[in-house]
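Quick look at data24.json (JSON, C-alpha atoms and all ligand atoms):
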```
[["chain", "number", "residue", "atom", "x", "y", "z"],
["A", 76, "MET", "CA", 10.20, 0.86, 4.63],
["A", 77, "ASP", "CA", 11.81, 0.61, 8.05],
["A", 78, "CYS", "CA", 11.69, 2.77, 11.16],
["A", 79, "SER", "CA", 14.91, 4.77, 11.33],
["A", 80, "ILE", "CA", 15.20, 4.16, 15.07],
["A", 81, "CYS", "CA", 14.63, 0.44, 15.60],
["A", 82, "PHE", "CA", 15.14, -0.57, 11.92],
["A", 83, "GLU", "CA", 12.01, -2.72, 12.05],
["A", 84, "ALA", "CA", 9.53, -2.61, 9.18],
["A", 85, "TYR", "CA", 6.45, -0.48, 9.68],
["A", 86, "ASP", "CA", 3.11, -2.27, 9.85],
["A", 87, "ASP", "CA", -0.52, -1.47, 10.56],
["A", 88, "GLY", "CA", -0.29, -2.75, 14.13],
["A", 89, "SER", "CA", 2.07, -1.77, 16.93],
["A", 90, "ARG", "CA", 4.60, -0.35, 14.47],
["A", 91, "VAL", "CA", 2.26, 1.99, 12.65],
["A", 92, "PRO", "CA", 4.25, 4.90, 11.12],
["A", 93, "LYS", "CA", 3.89, 8.13, 13.12],
["A", 94, "GLN", "CA", 4.60, 11.51, 11.63],
["A", 95, "LEU", "CA", 6.36, 14.22, 13.58],
["A", 96, "SER", "CA", 5.74, 17.92, 13.09],
["A", 97, "CYS", "CA", 9.09, 18.18, 11.30],
["A", 98, "GLY", "CA", 7.93, 15.70, 8.65],
["A", 99, "HIS", "CA", 10.08, 12.78, 9.76],
["A", 100, "SER", "CA", 8.48, 9.47, 10.67],
["A", 101, "LEU", "CA", 9.11, 6.76, 13.18],
["A", 102, "CYS", "CA", 7.11, 3.77, 14.38],
["A", 103, "ALA", "CA", 4.51, 4.02, 17.13],
["A", 104, "ARG", "CA", 6.66, 1.97, 19.51],
["A", 105, "CYS", "CA", 9.64, 4.26, 19.17],
["A", 106, "ALA", "CA", 7.44, 7.37, 19.33],
["A", 107, "THR", "CA", 6.03, 6.20, 22.64],
["A", 108, "ALA", "CA", 9.41, 5.06, 23.91],
["A", 109, "CYS", "CA", 11.21, 8.30, 22.98],
["A", 110, "ALA", "CA", 8.58, 10.73, 24.25],
["A", 111, "ASP", "CA", 9.26, 12.26, 27.66],
["A", 112, "SER", "CA", 6.81, 12.51, 30.56],
["A", 113, "GLU", "CA", 5.32, 15.66, 29.05],
["A", 114, "SER", "CA", 4.69, 13.89, 25.74],
["A", 115, "ARG", "CA", 7.40, 15.82, 23.99],
["A", 116, "LEU", "CA", 9.33, 13.94, 21.39],
["A", 117, "ARG", "CA", 12.63, 15.17, 20.06],
["A", 118, "CYS", "CA", 13.06, 14.00, 16.49],
["A", 119, "PRO", "CA", 16.05, 11.62, 16.41],
["A", 120, "GLN", "CA", 16.91, 12.86, 12.94],
["A", 121, "CYS", "CA", 16.69, 16.65, 13.16],
["A", 122, "GLN", "CA", 16.24, 17.29, 16.91],
["A", 123, "LYS", "CA", 12.99, 19.23, 16.41],
["A", 124, "VAL", "CA", 10.50, 18.78, 19.22],
["A", 125, "THR", "CA", 6.99, 17.51, 18.51],
["A", 126, "LEU", "CA", 4.29, 17.96, 21.13],
["A", 127, "ALA", "CA", 1.86, 15.06, 21.42],
["A", 128, "PRO", "CA", -0.69, 15.35, 24.20],
["A", 129, "GLU", "CA", -1.35, 11.92, 25.73],
["A", 130, "ASN", "CA", 1.10, 10.35, 23.29],
["A", 131, "THR", "CA", -1.29, 10.76, 20.38],
["A", 132, "PHE", "CA", 1.16, 11.15, 17.57],
["A", 133, "THR", "CA", -0.30, 11.69, 14.12],
["A", 134, "THR", "CA", -0.37, 8.53, 12.09],
["A", 135, "ASN", "CA", 1.35, 8.90, 8.75],
["A", 136, "TYR", "CA", -1.55, 7.51, 6.70],
["A", 137, "GLU", "CA", 0.13, 8.33, 3.42],
["A", 138, "LEU", "CA", 3.05, 6.11, 4.33],
["A", 139, "LEU", "CA", 0.74, 3.50, 5.84],
["A", 140, "ASN", "CA", -1.38, 3.33, 2.67],
["A", 141, "PHE", "CA", 1.74, 3.04, 0.59],
["A", 142, "LEU", "CA", 2.93, 0.13, 2.73],
["A", 143, "MET", "CA", -0.42, -1.61, 2.51],
["A", 144, "ILE", "CA", -0.44, -1.27, -1.29],
["A", 145, "CYS", "CA", 3.07, -2.75, -1.44],
["A", 146, "LYS", "CA", 1.95, -5.61, 0.78],
["A", 147, "ALA", "CA", -1.12, -6.27, -1.38],
["A", 148, "ASN", "CA", 0.98, -6.24, -4.55],
["A", 149, "GLN", "CA", 3.40, -8.74, -3.05],
["A", 150, "GLN", "CA", 0.52, -11.04, -2.20],
["A", 151, "LYS", "CA", -0.92, -10.66, -5.72],
["A", 152, "LYS", "CA", 2.43, -11.60, -7.20],
["A", 153, "ARG", "CA", 2.51, -14.70, -5.06],
["A", 154, "VAL", "CA", -0.99, -15.68, -6.22],
["A", 155, "THR", "CA", -0.03, -15.28, -9.89],
["A", 156, "PHE", "CA", 3.05, -17.37, -9.30],
["A", 157, "VAL", "CA", 1.00, -20.19, -7.79],
["A", 158, "ARG", "CA", -1.44, -19.99, -10.71],
["A", 159, "GLN", "CA", 1.41, -20.30, -13.19],
["A", 160, "GLU", "CA", 2.62, -23.40, -11.40],
["A", 161, "ALA", "CA", -0.89, -24.82, -11.59],
["A", 162, "ASN", "CA", -1.01, -24.16, -15.35],
["A", 163, "ASP", "CA", 2.32, -25.87, -15.79],
["A", 164, "SER", "CA", 1.08, -29.01, -14.10],
["A", 165, "THR", "CA", -2.11, -28.98, -16.21],
["A", 166, "ASP", "CA", 0.05, -28.84, -19.32],
["A", 167, "LEU", "CA", 2.11, -31.70, -18.02],
["A", 168, "LEU", "CA", -1.04, -33.68, -17.40],
["A", 169, "ARG", "CA", -2.34, -32.90, -20.89],
["A", 170, "ASN", "CA", 0.96, -33.92, -22.45],
["A", 171, "SER", "CA", 0.99, -37.21, -20.62],
["A", 172, "LEU", "CA", -2.63, -37.81, -21.65],
["A", 173, "LYS", "CA", -1.62, -37.20, -25.28],
["A", 174, "LEU", "CA", 1.15, -39.72, -24.82],
["A", 175, "VAL", "CA", -1.28, -42.27, -23.45],
["A", 176, "LYS", "CA", -3.69, -41.62, -26.34],
["A", 177, "GLY", "CA", -0.84, -41.93, -28.80],
["A", 178, "ILE", "CA", 0.02, -45.32, -27.41],
["A", 179, "ASP", "CA", -3.63, -46.31, -27.65],
["A", 180, "GLN", "CA", -3.78, -45.33, -31.32],
["A", 181, "GLN", "CA", -0.74, -47.42, -32.12],
["A", 182, "HIS", "CA", -2.55, -50.51, -30.99],
["B", 201, "ZN", "ZN", 10.83, 2.07, 15.61],
["B", 202, "ZN", "ZN", 12.78, 15.59, 12.14]]
```
Mind turning this structure into structure tokens?
Ligand SMILES: [Zn+2]
Ligand SMILES: [Zn+2]
Amino acid sequence: MDCSICFEAYDDGSRVPKQLSCGHSLCARCATACADSESRLRCPQCQKVTLAPENTFTTNYELLNFLMICKANQQKKRVTFVRQEANDSTDLLRNSLKLVKGIDQQH
């Protein structure tokens, strides 16, 4: 999920997704950068104006949660992948142990 203005990925920091009254979203950086001195932001996608007193745009928590879940899933996948690698090397170790034992028995 990327901001449609700066094409950077949303995150839970300076690029938190902000929701406009029209339903469109953009990152906090762009929301602040695009707002005029009266804290009015014209949606870059549909030209509707959102009023945000003191630049307090509503955070799109739904989108943010979704992003965080995606992030967590990606990390989980990575962990499983590492575990699989670990299992592979244990098998390798076991197989080589068997080989060693086999040689021992031949003696
Ligand atoms: Zn942006
Ligand atoms: Zn809009």
*Selected residue of minimal separation from A:His99 among A:Cys78, A:Leu174, A:Ile144, A:Leu126, counting only C-alpha atoms*: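 Nearest candidate to A:His99 out of A:Cys78, A:Leu174, A:Ile144, A:Leu126: A:Cys78.
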Using all atoms listed in the file, what does the table of chain A residues within 7 Å of ligand ZN 202 (chain B) look like, with each row giving the shortest atom pair and its distance in Å to one decimal, sorted by chain and ascending number, as JSON lines?
```
{"residue": "A:Leu95", "atom": "CA", "partner": "B:ZN202", "partner_atom": "ZN", "distance": 6.7}
{"residue": "A:Cys97", "atom": "CA", "partner": "B:ZN202", "partner_atom": "ZN", "distance": 4.6}
{"residue": "A:Gly98", "atom": "CA", "partner": "B:ZN202", "partner_atom": "ZN", "distance": 6.0}
{"residue": "A:His99", "atom": "CA", "partner": "B:ZN202", "partner_atom": "ZN", "distance": 4.6}
{"residue": "A:Cys118", "atom": "CA", "partner": "B:ZN202", "partner_atom": "ZN", "distance": 4.6}
{"residue": "A:Pro119", "atom": "CA", "partner": "B:ZN202", "partner_atom": "ZN", "distance": 6.7}
{"residue": "A:Gln120", "atom": "CA", "partner": "B:ZN202", "partner_atom": "ZN", "distance": 5.0}
{"residue": "A:Cys121", "atom": "CA", "partner": "B:ZN202", "partner_atom": "ZN", "distance": 4.2}
{"residue": "A:Gln122", "atom": "CA", "partner": "B:ZN202", "partner_atom": "ZN", "distance": 6.1}
{"residue": "A:Lys123", "atom": "CA", "partner": "B:ZN202", "partner_atom": "ZN", "distance": 5.6}
```
*Do you know which residues are within 9 Å of ligand ZN 201 (chain B) using only C-alpha atoms and all ligand atoms? Can you write them as a PyMOL selection string?*
chain A and resi 77-85+90+92+101-106+108
Once you have the residues from the selection above, write them out as a PDB file, in the frame of the given file, restricted to C-alpha atoms.
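Generated output (part_36.pdb):
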```pdb
ATOM      1  CA  ASP A  77      11.810   0.610   8.050  1.00  0.00           C
ATOM      2  CA  CYS A  78      11.690   2.770  11.160  1.00  0.00           C
ATOM      3  CA  SER A  79      14.910   4.770  11.330  1.00  0.00           C
ATOM      4  CA  ILE A  80      15.200   4.160  15.070  1.00  0.00           C
ATOM      5  CA  CYS A  81      14.630   0.440  15.600  1.00  0.00           C
ATOM      6  CA  PHE A  82      15.140  -0.570  11.920  1.00  0.00           C
ATOM      7  CA  GLU A  83      12.010  -2.720  12.050  1.00  0.00           C
ATOM      8  CA  ALA A  84       9.530  -2.610   9.180  1.00  0.00           C
ATOM      9  CA  TYR A  85       6.450  -0.480   9.680  1.00  0.00           C
ATOM     10  CA  ARG A  90       4.600  -0.350  14.470  1.00  0.00           C
ATOM     11  CA  PRO A  92       4.250   4.900  11.120  1.00  0.00           C
ATOM     12  CA  LEU A 101       9.110   6.760  13.180  1.00  0.00           C
ATOM     13  CA  CYS A 102       7.110   3.770  14.380  1.00  0.00           C
ATOM     14  CA  ALA A 103       4.510   4.020  17.130  1.00  0.00           C
ATOM     15  CA  ARG A 104       6.660   1.970  19.510  1.00  0.00           C
ATOM     16  CA  CYS A 105       9.640   4.260  19.170  1.00  0.00           C
ATOM     17  CA  ALA A 106       7.440   7.370  19.330  1.00  0.00           C
ATOM     18  CA  ALA A 108       9.410   5.060  23.910  1.00  0.00           C
TER      19      ALA A 108
END
```
_Shortest interatomic distance to A:Glu137 - which of A:Leu172, A:Cys109, A:Val91, A:Val124, counting all atoms listed in the file_ = A:Val91
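Using all atoms listed in the file, the shortest contact distance between A:Pro128 and any of A:Glu113, A:Asp166, A:Glu160, A:Asp86 is found at A:Glu113.
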*Go ahead and compute the interatomic distance for atom CA of A:Asn140 and atom CA of A:Lys152, in Å to one decimal.*
18.3 Å
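Compared by their closest atoms to A:Asn135, and using all atoms listed in the file, the residues A:Asn170, A:Ser100, A:Ser112, A:Gly177 rank with A:Ser100 nearest.
Of note, atom CA of A:Gly88 and atom CA of A:Thr155 are spaced 27.1 Å apart.
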*Length of the atom CA of A:Val175 to atom CA of A:Asp163 vector [Å]*: 18.5 Å
